[in-house]
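This is start_26.pdb. It holds PDB, C-alpha atoms.
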ATOM      1  CA  MET U   1      -5.633 -23.110 -35.123  1.00  0.00           C
ATOM      2  CA  GLN U   2      -2.454 -21.685 -36.654  1.00  0.00           C
ATOM      3  CA  GLN U   3      -2.021 -19.293 -33.739  1.00  0.00           C
ATOM      4  CA  LEU U   4      -2.342 -22.140 -31.246  1.00  0.00           C
ATOM      5  CA  GLU U   5       0.153 -24.215 -33.262  1.00  0.00           C
ATOM      6  CA  SER U   6       2.604 -21.313 -33.275  1.00  0.00           C
ATOM      7  CA  MET U   7       2.308 -20.865 -29.509  1.00  0.00           C
ATOM      8  CA  ILE U   8       3.026 -24.576 -28.991  1.00  0.00           C
ATOM      9  CA  LEU U   9       6.002 -24.467 -31.364  1.00  0.00           C
ATOM     10  CA  GLU U  10       7.553 -21.355 -29.829  1.00  0.00           C
ATOM     11  CA  GLY U  11       7.195 -22.803 -26.330  1.00  0.00           C
ATOM     12  CA  THR U  12       4.549 -20.407 -25.012  1.00  0.00           C
ATOM     13  CA  PHE U  13       2.448 -23.477 -24.258  1.00  0.00           C
ATOM     14  CA  LYS U  14       4.650 -26.299 -22.976  1.00  0.00           C
ATOM     15  CA  PRO U  15       3.963 -30.074 -22.943  1.00  0.00           C
ATOM     16  CA  GLY U  16       1.473 -30.868 -20.197  1.00  0.00           C
ATOM     17  CA  GLN U  17       0.468 -27.222 -19.701  1.00  0.00           C
ATOM     18  CA  LYS U  18      -3.208 -26.311 -19.358  1.00  0.00           C
ATOM     19  CA  LEU U  19      -4.551 -23.823 -21.908  1.00  0.00           C
ATOM     20  CA  PRO U  20      -6.195 -20.605 -20.679  1.00  0.00           C
ATOM     21  CA  PRO U  21     -10.030 -20.593 -20.540  1.00  0.00           C
ATOM     22  CA  GLU U  22     -11.899 -20.492 -23.863  1.00  0.00           C
ATOM     23  CA  ARG U  23     -13.245 -17.007 -23.224  1.00  0.00           C
ATOM     24  CA  GLU U  24      -9.733 -15.655 -22.640  1.00  0.00           C
ATOM     25  CA  LEU U  25      -8.294 -17.322 -25.753  1.00  0.00           C
ATOM     26  CA  ALA U  26     -11.227 -16.241 -27.948  1.00  0.00           C
ATOM     27  CA  THR U  27     -10.677 -12.641 -26.866  1.00  0.00           C
ATOM     28  CA  GLN U  28      -6.922 -12.896 -27.419  1.00  0.00           C
ATOM     29  CA  PHE U  29      -7.329 -14.343 -30.932  1.00  0.00           C
ATOM     30  CA  GLU U  30     -10.341 -12.124 -31.748  1.00  0.00           C
ATOM     31  CA  VAL U  31     -12.509 -15.071 -32.801  1.00  0.00           C
ATOM     32  CA  SER U  32     -15.818 -16.495 -31.645  1.00  0.00           C
ATOM     33  CA  ARG U  33     -15.830 -19.238 -29.032  1.00  0.00           C
ATOM     34  CA  PRO U  34     -17.342 -21.781 -31.500  1.00  0.00           C
ATOM     35  CA  SER U  35     -14.467 -21.060 -33.915  1.00  0.00           C
ATOM     36  CA  LEU U  36     -11.927 -21.495 -31.124  1.00  0.00           C
ATOM     37  CA  ARG U  37     -13.617 -24.717 -30.010  1.00  0.00           C
ATOM     38  CA  GLU U  38     -13.419 -26.083 -33.558  1.00  0.00           C
ATOM     39  CA  ALA U  39      -9.707 -25.255 -33.756  1.00  0.00           C
ATOM     40  CA  ILE U  40      -9.064 -26.991 -30.425  1.00  0.00           C
ATOM     41  CA  GLN U  41     -10.984 -30.076 -31.574  1.00  0.00           C
ATOM     42  CA  LYS U  42      -8.822 -30.306 -34.702  1.00  0.00           C
ATOM     43  CA  LEU U  43      -5.641 -30.095 -32.647  1.00  0.00           C
ATOM     44  CA  VAL U  44      -6.992 -32.746 -30.262  1.00  0.00           C
ATOM     45  CA  ALA U  45      -7.639 -35.010 -33.256  1.00  0.00           C
ATOM     46  CA  ARG U  46      -4.030 -34.509 -34.373  1.00  0.00           C
ATOM     47  CA  GLY U  47      -2.696 -35.398 -30.917  1.00  0.00           C
ATOM     48  CA  LEU U  48      -1.311 -31.953 -30.108  1.00  0.00           C
ATOM     49  CA  LEU U  49      -3.891 -31.247 -27.396  1.00  0.00           C
ATOM     50  CA  PHE U  50      -6.028 -33.401 -25.118  1.00  0.00           C
ATOM     51  CA  SER U  51      -9.036 -32.651 -22.936  1.00  0.00           C
ATOM     52  CA  ARG U  52      -9.878 -33.769 -19.429  1.00  0.00           C
ATOM     53  CA  HIS U  53     -13.556 -34.038 -18.617  1.00  0.00           C
ATOM     54  CA  GLY U  54     -14.428 -30.976 -16.592  1.00  0.00           C
ATOM     55  CA  GLY U  55     -10.756 -30.114 -16.294  1.00  0.00           C
ATOM     56  CA  GLY U  56      -9.895 -28.074 -19.374  1.00  0.00           C
ATOM     57  CA  THR U  57      -7.601 -28.602 -22.352  1.00  0.00           C
ATOM     58  CA  TYR U  58      -3.886 -29.427 -22.151  1.00  0.00           C
ATOM     59  CA  VAL U  59      -0.894 -29.597 -24.471  1.00  0.00           C
ATOM     60  CA  SER U  60       0.069 -33.202 -25.162  1.00  0.00           C
ATOM     61  CA  GLU U  61       2.779 -34.477 -22.850  1.00  0.00           C
ATOM     62  CA  GLN U  62       4.113 -36.625 -25.714  1.00  0.00           C
ATOM     63  CA  LEU U  63       5.487 -33.654 -27.643  1.00  0.00           C
ATOM     64  CA  GLY U  64       9.258 -33.675 -27.980  1.00  0.00           C
ATOM     65  CA  THR U  65       9.747 -37.176 -26.573  1.00  0.00           C
ATOM     66  CA  SER U  66      11.712 -38.591 -29.487  1.00  0.00           C
ATOM     67  CA  PHE U  67      14.773 -39.021 -27.227  1.00  0.00           C
ATOM     68  CA  THR U  68      12.951 -40.929 -24.503  1.00  0.00           C
ATOM     69  CA  ASP U  69      12.795 -44.680 -23.864  1.00  0.00           C
ATOM     70  CA  PRO U  70      14.481 -46.878 -24.849  1.00  0.00           C
ATOM     71  CA  LEU U  71      17.303 -44.670 -26.195  1.00  0.00           C
ATOM     72  CA  HIS U  72      17.135 -42.422 -23.128  1.00  0.00           C
ATOM     73  CA  ASP U  73      17.723 -45.259 -20.651  1.00  0.00           C
ATOM     74  CA  LEU U  74      20.356 -46.827 -22.874  1.00  0.00           C
ATOM     75  CA  LEU U  75      22.422 -43.641 -23.039  1.00  0.00           C
ATOM     76  CA  SER U  76      21.920 -42.867 -19.351  1.00  0.00           C
ATOM     77  CA  SER U  77      23.098 -46.304 -18.236  1.00  0.00           C
ATOM     78  CA  HIS U  78      26.454 -46.202 -20.053  1.00  0.00           C
ATOM     79  CA  ASN U  79      28.954 -43.755 -18.595  1.00  0.00           C
ATOM     80  CA  GLU U  80      31.231 -44.003 -21.627  1.00  0.00           C
ATOM     81  CA  PHE U  81      28.654 -42.031 -23.612  1.00  0.00           C
ATOM     82  CA  LEU U  82      28.668 -39.174 -21.086  1.00  0.00           C
ATOM     83  CA  TYR U  83      31.361 -37.426 -23.139  1.00  0.00           C
ATOM     84  CA  ASP U  84      29.284 -37.801 -26.306  1.00  0.00           C
ATOM     85  CA  GLN U  85      26.462 -36.005 -24.503  1.00  0.00           C
ATOM     86  CA  LEU U  86      28.827 -33.229 -23.443  1.00  0.00           C
ATOM     87  CA  GLU U  87      30.080 -32.798 -27.022  1.00  0.00           C
ATOM     88  CA  PHE U  88      26.498 -32.636 -28.259  1.00  0.00           C
ATOM     89  CA  ARG U  89      25.627 -30.078 -25.593  1.00  0.00           C
ATOM     90  CA  ASP U  90      28.699 -28.046 -26.548  1.00  0.00           C
ATOM     91  CA  ALA U  91      27.502 -27.818 -30.156  1.00  0.00           C
ATOM     92  CA  LEU U  92      23.856 -27.030 -29.402  1.00  0.00           C
ATOM     93  CA  GLU U  93      24.285 -24.816 -26.352  1.00  0.00           C
ATOM     94  CA  GLY U  94      26.993 -22.714 -27.961  1.00  0.00           C
ATOM     95  CA  ILE U  95      24.538 -21.821 -30.728  1.00  0.00           C
ATOM     96  CA  SER U  96      21.781 -21.394 -28.150  1.00  0.00           C
ATOM     97  CA  ALA U  97      23.816 -18.909 -26.099  1.00  0.00           C
ATOM     98  CA  TYR U  98      24.859 -17.052 -29.252  1.00  0.00           C
ATOM     99  CA  TYR U  99      21.292 -16.456 -30.409  1.00  0.00           C
ATOM    100  CA  ALA U 100      20.049 -15.768 -26.884  1.00  0.00           C
ATOM    101  CA  ALA U 101      22.524 -12.889 -26.620  1.00  0.00           C
ATOM    102  CA  MET U 102      21.407 -11.643 -30.026  1.00  0.00           C
ATOM    103  CA  ARG U 103      17.624 -12.084 -29.744  1.00  0.00           C
ATOM    104  CA  SER U 104      16.538 -12.197 -26.096  1.00  0.00           C
ATOM    105  CA  THR U 105      13.683  -9.870 -25.163  1.00  0.00           C
ATOM    106  CA  ASP U 106      13.145  -8.118 -21.845  1.00  0.00           C
ATOM    107  CA  ALA U 107      10.816 -10.956 -20.819  1.00  0.00           C
ATOM    108  CA  ASP U 108      13.479 -13.529 -21.744  1.00  0.00           C
ATOM    109  CA  LYS U 109      16.084 -11.685 -19.700  1.00  0.00           C
ATOM    110  CA  GLU U 110      13.712 -11.500 -16.746  1.00  0.00           C
ATOM    111  CA  MET U 111      13.203 -15.278 -16.858  1.00  0.00           C
ATOM    112  CA  LEU U 112      16.927 -15.923 -17.335  1.00  0.00           C
ATOM    113  CA  THR U 113      17.674 -13.726 -14.317  1.00  0.00           C
ATOM    114  CA  LYS U 114      15.154 -15.702 -12.271  1.00  0.00           C
ATOM    115  CA  ARG U 115      16.748 -19.002 -13.294  1.00  0.00           C
ATOM    116  CA  PHE U 116      20.255 -17.716 -12.572  1.00  0.00           C
ATOM    117  CA  ASN U 117      19.218 -16.447  -9.127  1.00  0.00           C
ATOM    118  CA  ASN U 118      17.686 -19.860  -8.372  1.00  0.00           C
ATOM    119  CA  LEU U 119      21.012 -21.451  -9.299  1.00  0.00           C
ATOM    120  CA  MET U 120      22.885 -19.077  -6.983  1.00  0.00           C
ATOM    121  CA  GLN U 121      20.562 -19.898  -4.066  1.00  0.00           C
ATOM    122  CA  VAL U 122      20.718 -23.669  -4.545  1.00  0.00           C
ATOM    123  CA  TYR U 123      24.521 -23.557  -4.864  1.00  0.00           C
ATOM    124  CA  GLU U 124      24.796 -22.979  -1.114  1.00  0.00           C
ATOM    125  CA  LYS U 125      22.854 -26.180  -0.295  1.00  0.00           C
ATOM    126  CA  ASN U 126      25.365 -28.678  -1.747  1.00  0.00           C
ATOM    127  CA  ASP U 127      22.576 -30.876  -3.138  1.00  0.00           C
ATOM    128  CA  PRO U 128      23.625 -32.301  -6.546  1.00  0.00           C
ATOM    129  CA  VAL U 129      20.120 -33.494  -7.504  1.00  0.00           C
ATOM    130  CA  LEU U 130      18.455 -30.156  -6.743  1.00  0.00           C
ATOM    131  CA  GLU U 131      21.334 -28.251  -8.287  1.00  0.00           C
ATOM    132  CA  ALA U 132      21.073 -30.373 -11.439  1.00  0.00           C
ATOM    133  CA  LYS U 133      17.404 -29.457 -11.763  1.00  0.00           C
ATOM    134  CA  VAL U 134      17.944 -25.689 -11.539  1.00  0.00           C
ATOM    135  CA  ASP U 135      21.117 -25.973 -13.652  1.00  0.00           C
ATOM    136  CA  ALA U 136      19.113 -27.619 -16.455  1.00  0.00           C
ATOM    137  CA  GLU U 137      16.354 -25.002 -16.076  1.00  0.00           C
ATOM    138  CA  PHE U 138      18.967 -22.262 -16.493  1.00  0.00           C
ATOM    139  CA  HIS U 139      20.239 -23.834 -19.716  1.00  0.00           C
ATOM    140  CA  MET U 140      16.667 -24.308 -20.981  1.00  0.00           C
ATOM    141  CA  ALA U 141      15.922 -20.614 -20.304  1.00  0.00           C
ATOM    142  CA  ILE U 142      18.854 -19.783 -22.591  1.00  0.00           C
ATOM    143  CA  ALA U 143      17.401 -22.083 -25.272  1.00  0.00           C
ATOM    144  CA  GLU U 144      14.018 -20.353 -24.991  1.00  0.00           C
ATOM    145  CA  ALA U 145      15.693 -16.951 -25.305  1.00  0.00           C
ATOM    146  CA  ALA U 146      17.394 -18.061 -28.541  1.00  0.00           C
ATOM    147  CA  HIS U 147      14.029 -17.956 -30.375  1.00  0.00           C
ATOM    148  CA  ASN U 148      14.782 -20.923 -32.624  1.00  0.00           C
ATOM    149  CA  VAL U 149      11.957 -23.439 -32.314  1.00  0.00           C
ATOM    150  CA  VAL U 150      13.944 -26.362 -33.791  1.00  0.00           C
ATOM    151  CA  LEU U 151      16.793 -25.764 -31.337  1.00  0.00           C
ATOM    152  CA  LEU U 152      14.347 -25.306 -28.456  1.00  0.00           C
ATOM    153  CA  HIS U 153      12.423 -28.515 -29.055  1.00  0.00           C
ATOM    154  CA  THR U 154      15.586 -30.531 -29.683  1.00  0.00           C
ATOM    155  CA  LEU U 155      16.955 -29.455 -26.297  1.00  0.00           C
ATOM    156  CA  ARG U 156      13.570 -29.824 -24.590  1.00  0.00           C
ATOM    157  CA  GLY U 157      13.277 -33.354 -25.997  1.00  0.00           C
ATOM    158  CA  LEU U 158      16.639 -34.084 -24.379  1.00  0.00           C
ATOM    159  CA  PHE U 159      15.743 -32.325 -21.114  1.00  0.00           C
ATOM    160  CA  ASN U 160      15.504 -35.450 -18.959  1.00  0.00           C
ATOM    161  CA  MET U 161      18.715 -36.868 -20.365  1.00  0.00           C
ATOM    162  CA  LEU U 162      20.362 -33.466 -19.938  1.00  0.00           C
ATOM    163  CA  GLU U 163      19.252 -33.305 -16.321  1.00  0.00           C
ATOM    164  CA  LYS U 164      20.561 -36.803 -15.603  1.00  0.00           C
ATOM    165  CA  SER U 165      23.901 -36.026 -17.220  1.00  0.00           C
ATOM    166  CA  ILE U 166      24.216 -32.879 -15.093  1.00  0.00           C
ATOM    167  CA  VAL U 167      23.446 -34.925 -11.957  1.00  0.00           C
ATOM    168  CA  ALA U 168      26.197 -37.375 -12.935  1.00  0.00           C
ATOM    169  CA  ASN U 169      28.598 -34.515 -13.636  1.00  0.00           C
ATOM    170  CA  LEU U 170      27.888 -32.683 -10.395  1.00  0.00           C
ATOM    171  CA  LYS U 171      28.145 -35.796  -8.237  1.00  0.00           C
ATOM    172  CA  ASN U 172      31.603 -36.396  -9.687  1.00  0.00           C
ATOM    173  CA  LEU U 173      32.685 -32.762  -9.537  1.00  0.00           C
ATOM    174  CA  PHE U 174      31.450 -32.432  -5.934  1.00  0.00           C
ATOM    175  CA  GLU U 175      34.399 -34.647  -5.031  1.00  0.00           C
ATOM    176  CA  ARG U 176      36.639 -31.777  -6.157  1.00  0.00           C
ATOM    177  CA  LYS U 177      35.599 -28.804  -4.050  1.00  0.00           C
ATOM    178  CA  GLU U 178      37.667 -26.418  -6.141  1.00  0.00           C
ATOM    179  CA  SER U 179      35.522 -27.185  -9.214  1.00  0.00           C
ATOM    180  CA  ARG U 180      32.185 -25.854  -8.002  1.00  0.00           C
ATOM    181  CA  PRO U 181      33.158 -22.166  -7.661  1.00  0.00           C
ATOM    182  CA  VAL U 182      34.592 -22.363 -11.186  1.00  0.00           C
ATOM    183  CA  LEU U 183      31.313 -23.781 -12.508  1.00  0.00           C
ATOM    184  CA  LEU U 184      29.353 -21.002 -10.822  1.00  0.00           C
ATOM    185  CA  ASP U 185      31.667 -18.367 -12.300  1.00  0.00           C
ATOM    186  CA  GLN U 186      31.206 -19.917 -15.744  1.00  0.00           C
ATOM    187  CA  HIS U 187      27.413 -19.809 -15.443  1.00  0.00           C
ATOM    188  CA  LYS U 188      27.671 -16.158 -14.399  1.00  0.00           C
ATOM    189  CA  ALA U 189      29.915 -15.398 -17.394  1.00  0.00           C
ATOM    190  CA  MET U 190      27.324 -16.950 -19.737  1.00  0.00           C
ATOM    191  CA  TYR U 191      24.539 -15.022 -18.036  1.00  0.00           C
ATOM    192  CA  ASP U 192      26.446 -11.729 -18.193  1.00  0.00           C
ATOM    193  CA  ALA U 193      27.321 -12.154 -21.889  1.00  0.00           C
ATOM    194  CA  ILE U 194      23.685 -12.783 -22.799  1.00  0.00           C
ATOM    195  CA  MET U 195      22.451  -9.861 -20.700  1.00  0.00           C
ATOM    196  CA  GLU U 196      25.084  -7.631 -22.355  1.00  0.00           C
ATOM    197  CA  GLY U 197      23.958  -8.763 -25.808  1.00  0.00           C
ATOM    198  CA  ASN U 198      27.394 -10.134 -26.758  1.00  0.00           C
ATOM    199  CA  PRO U 199      26.779 -13.232 -28.957  1.00  0.00           C
ATOM    200  CA  GLU U 200      30.416 -14.231 -29.553  1.00  0.00           C
ATOM    201  CA  LYS U 201      31.273 -13.985 -25.876  1.00  0.00           C
ATOM    202  CA  ALA U 202      28.147 -15.939 -24.910  1.00  0.00           C
ATOM    203  CA  ARG U 203      29.072 -18.774 -27.294  1.00  0.00           C
ATOM    204  CA  ALA U 204      32.678 -18.756 -26.047  1.00  0.00           C
ATOM    205  CA  MET U 205      31.554 -18.905 -22.405  1.00  0.00           C
ATOM    206  CA  ALA U 206      29.207 -21.824 -23.116  1.00  0.00           C
ATOM    207  CA  HIS U 207      32.067 -23.652 -24.850  1.00  0.00           C
ATOM    208  CA  GLU U 208      34.496 -22.898 -22.009  1.00  0.00           C
ATOM    209  CA  HIS U 209      31.971 -24.207 -19.460  1.00  0.00           C
ATOM    210  CA  LEU U 210      31.401 -27.551 -21.188  1.00  0.00           C
ATOM    211  CA  VAL U 211      35.074 -28.081 -22.040  1.00  0.00           C
ATOM    212  CA  PHE U 212      35.929 -27.530 -18.366  1.00  0.00           C
ATOM    213  CA  VAL U 213      33.348 -30.124 -17.304  1.00  0.00           C
ATOM    214  CA  GLU U 214      34.625 -32.646 -19.848  1.00  0.00           C
ATOM    215  CA  ASP U 215      38.308 -32.069 -18.979  1.00  0.00           C
ATOM    216  CA  SER U 216      37.575 -32.316 -15.235  1.00  0.00           C
ATOM    217  CA  LEU U 217      35.681 -35.586 -15.622  1.00  0.00           C
ATOM    218  CA  LEU U 218      38.380 -37.039 -17.850  1.00  0.00           C
ATOM    219  CA  GLU U 219      41.074 -36.167 -15.319  1.00  0.00           C
ATOM    220  CA  MET U 220      39.006 -37.711 -12.497  1.00  0.00           C
ATOM    221  CA  SER U 221      38.560 -40.847 -14.599  1.00  0.00           C
ATOM    222  CA  ARG U 222      42.318 -41.063 -15.162  1.00  0.00           C
ATOM    223  CA  GLN U 223      42.971 -40.587 -11.440  1.00  0.00           C
ATOM    224  CA  GLU U 224      40.455 -43.311 -10.593  1.00  0.00           C
ATOM    225  CA  THR U 225      42.198 -45.646 -13.027  1.00  0.00           C
ATOM    226  CA  ARG U 226      45.571 -44.928 -11.398  1.00  0.00           C
ATOM    227  CA  VAL U 227      44.135 -45.641  -7.929  1.00  0.00           C
ATOM    228  CA  GLU U 228      42.593 -48.935  -9.099  1.00  0.00           C
ATOM    229  CA  ARG U 229      45.907 -49.922 -10.727  1.00  0.00           C
ATOM    230  CA  SER U 230      47.796 -49.199  -7.487  1.00  0.00           C
ATOM    231  CA  LEU U 231      45.300 -51.229  -5.449  1.00  0.00           C
ATOM    232  CA  ARG U 232      45.587 -54.187  -7.789  1.00  0.00           C
ATOM    233  CA  ARG U 233      49.375 -53.965  -7.606  1.00  0.00           C
ATOM    234  CA  ALA U 234      49.292 -53.847  -3.810  1.00  0.00           C
ATOM    235  CA  GLN U 235      46.982 -56.863  -3.636  1.00  0.00           C
ATOM    236  CA  THR U 236      49.364 -58.965  -5.726  1.00  0.00           C
ATOM    237  CA  GLN U 237      52.454 -58.119  -3.665  1.00  0.00           C
ATOM    238  CA  PRO U 238      53.636 -60.929  -1.332  1.00  0.00           C
ATOM    239  CA  VAL U 239      53.026 -60.288   2.368  1.00  0.00           C
TER     240      VAL U 239
END
Exercise: express the given structure as structure tokens:
Amino acid sequence: MQQLESMILEGTFKPGQKLPPERELATQFEVSRPSLREAIQKLVARGLLFSRHGGGTYVSEQLGTSFTDPLHDLLSSHNEFLYDQLEFRDALEGISAYYAAMRSTDADKEMLTKRFNNLMQVYEKNDPVLEAKVDAEFHMAIAEAAHNVVLLHTLRGLFNMLEKSIVANLKNLFERKESRPVLLDQHKAMYDAIMEGNPEKARAMAHEHLVFVEDSLLEMSRQETRVERSLRRAQTQPV
């Protein structure tokens, strides 16, 4: 039971994921199948796992949902809190990148490379929704590579909100064509620093990335305000 709990905590088994067959798990844990079954039943009783009749055992999809409705929708529907989200991401993802550079294993680096390559491929399609999805997956791969379960589950609990904020950011930044190559370069700098095992550089690159996004959005907001002010002034001028 403790081994299963640890694998859920460390993110080996993710919310909604189906567990391997009993025989495979019993062999892996070096226990009898009745012992494994008893452990699974205890975790089901605690709400960590659930079973589908004839369909196996799954990790509860409710894990890490403390930032969902109604707070999730409330934050997502108010653009003025977008900058609060970016500040929060700056704090958490800087630490995440730092520890990822320090602790990532070969398997972590393989997954991070896969996520980065996906981001590079989607970049050419100019689809903000799809790009937001792979962008968030790239950042989550960094969190997994940090090997801090509290940090991982905090970010995973915010995953949907994170994805929506990235969609909002990209839709706005798409209006400035010069921004997107900069964003891609910043993601590559984060990736390179982690692959090189340079924690300080990784944290600095994560900070630089999020500060750029925040500054760009603030400048666009100011420009929009100036345009609206000019339009109002023009509408009040006598013909």
Worksheet entry | Atomic separation - CA of Gln62 (chain U) relative to CA of Pro34 (chain U), Å |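 Between CA of Pro34 (chain U) and CA of Gln62 (chain U) the gap works out to 26.7 Å.
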Quick one: what's the axis-aligned box for region 20-36 of chain U, all listed atoms, 5 Å on every side, centre and edges in Å to one decimal, as JSON?
{"center_x": -11.8, "center_y": -17.0, "center_z": -27.2, "size_x": 21.1, "size_y": 19.7, "size_z": 23.4}
Fill in: Contacts of Arg23 (chain U) within 12 Å, only C-alpha atoms, excl. fewer than 2 positions in-chain, as a list in words
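These residues fall inside the cut-off: Leu19, Pro20, Pro21, Leu25, Ala26, Thr27, Gln28, Phe29, Glu30, Val31, Ser32, Arg33, Pro34, Ser35, Leu36 and Arg37 of chain U.
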Worksheet entry | For Lys188 (chain U), the nearest of the candidates U:Asp108, U:Glu61, U:Asp135, U:Glu24, counting all atoms listed in the file |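 Under the stated criterion, the closest residue is U:Asp135.
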Worksheet entry | Between CA of Ala206 (chain U) and CA of Lys125 (chain U), distance in Å (one decimal) |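 Those two atoms sit 24.1 Å apart.
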Worksheet item: Mind telling me what the PyMOL selection byres ((chain U and resi 212) around 12) catches here, as a PyMOL selection string?
Response: chain U and resi 83+86-87+90+169+173+179-180+182-187+205-211+213-219
Item to complete: Take CA of Tyr98 (chain U) and CA of Val122 (chain U) and report the distance between them in Å, one decimal.
Response: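 Spanning CA of Tyr98 (chain U) to CA of Val122 (chain U) is a straight-line distance of 25.9 Å.
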Worksheet item: From the set U:Leu119, U:Ala143, U:Ala101, U:Leu158, which residue has the shortest atom-to-atom contact distance to Ile194 (chain U), counting all atoms listed in the file?
Response: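 Looking at the shortest contact to Ile194 (chain U), the residue is U:Ala101.
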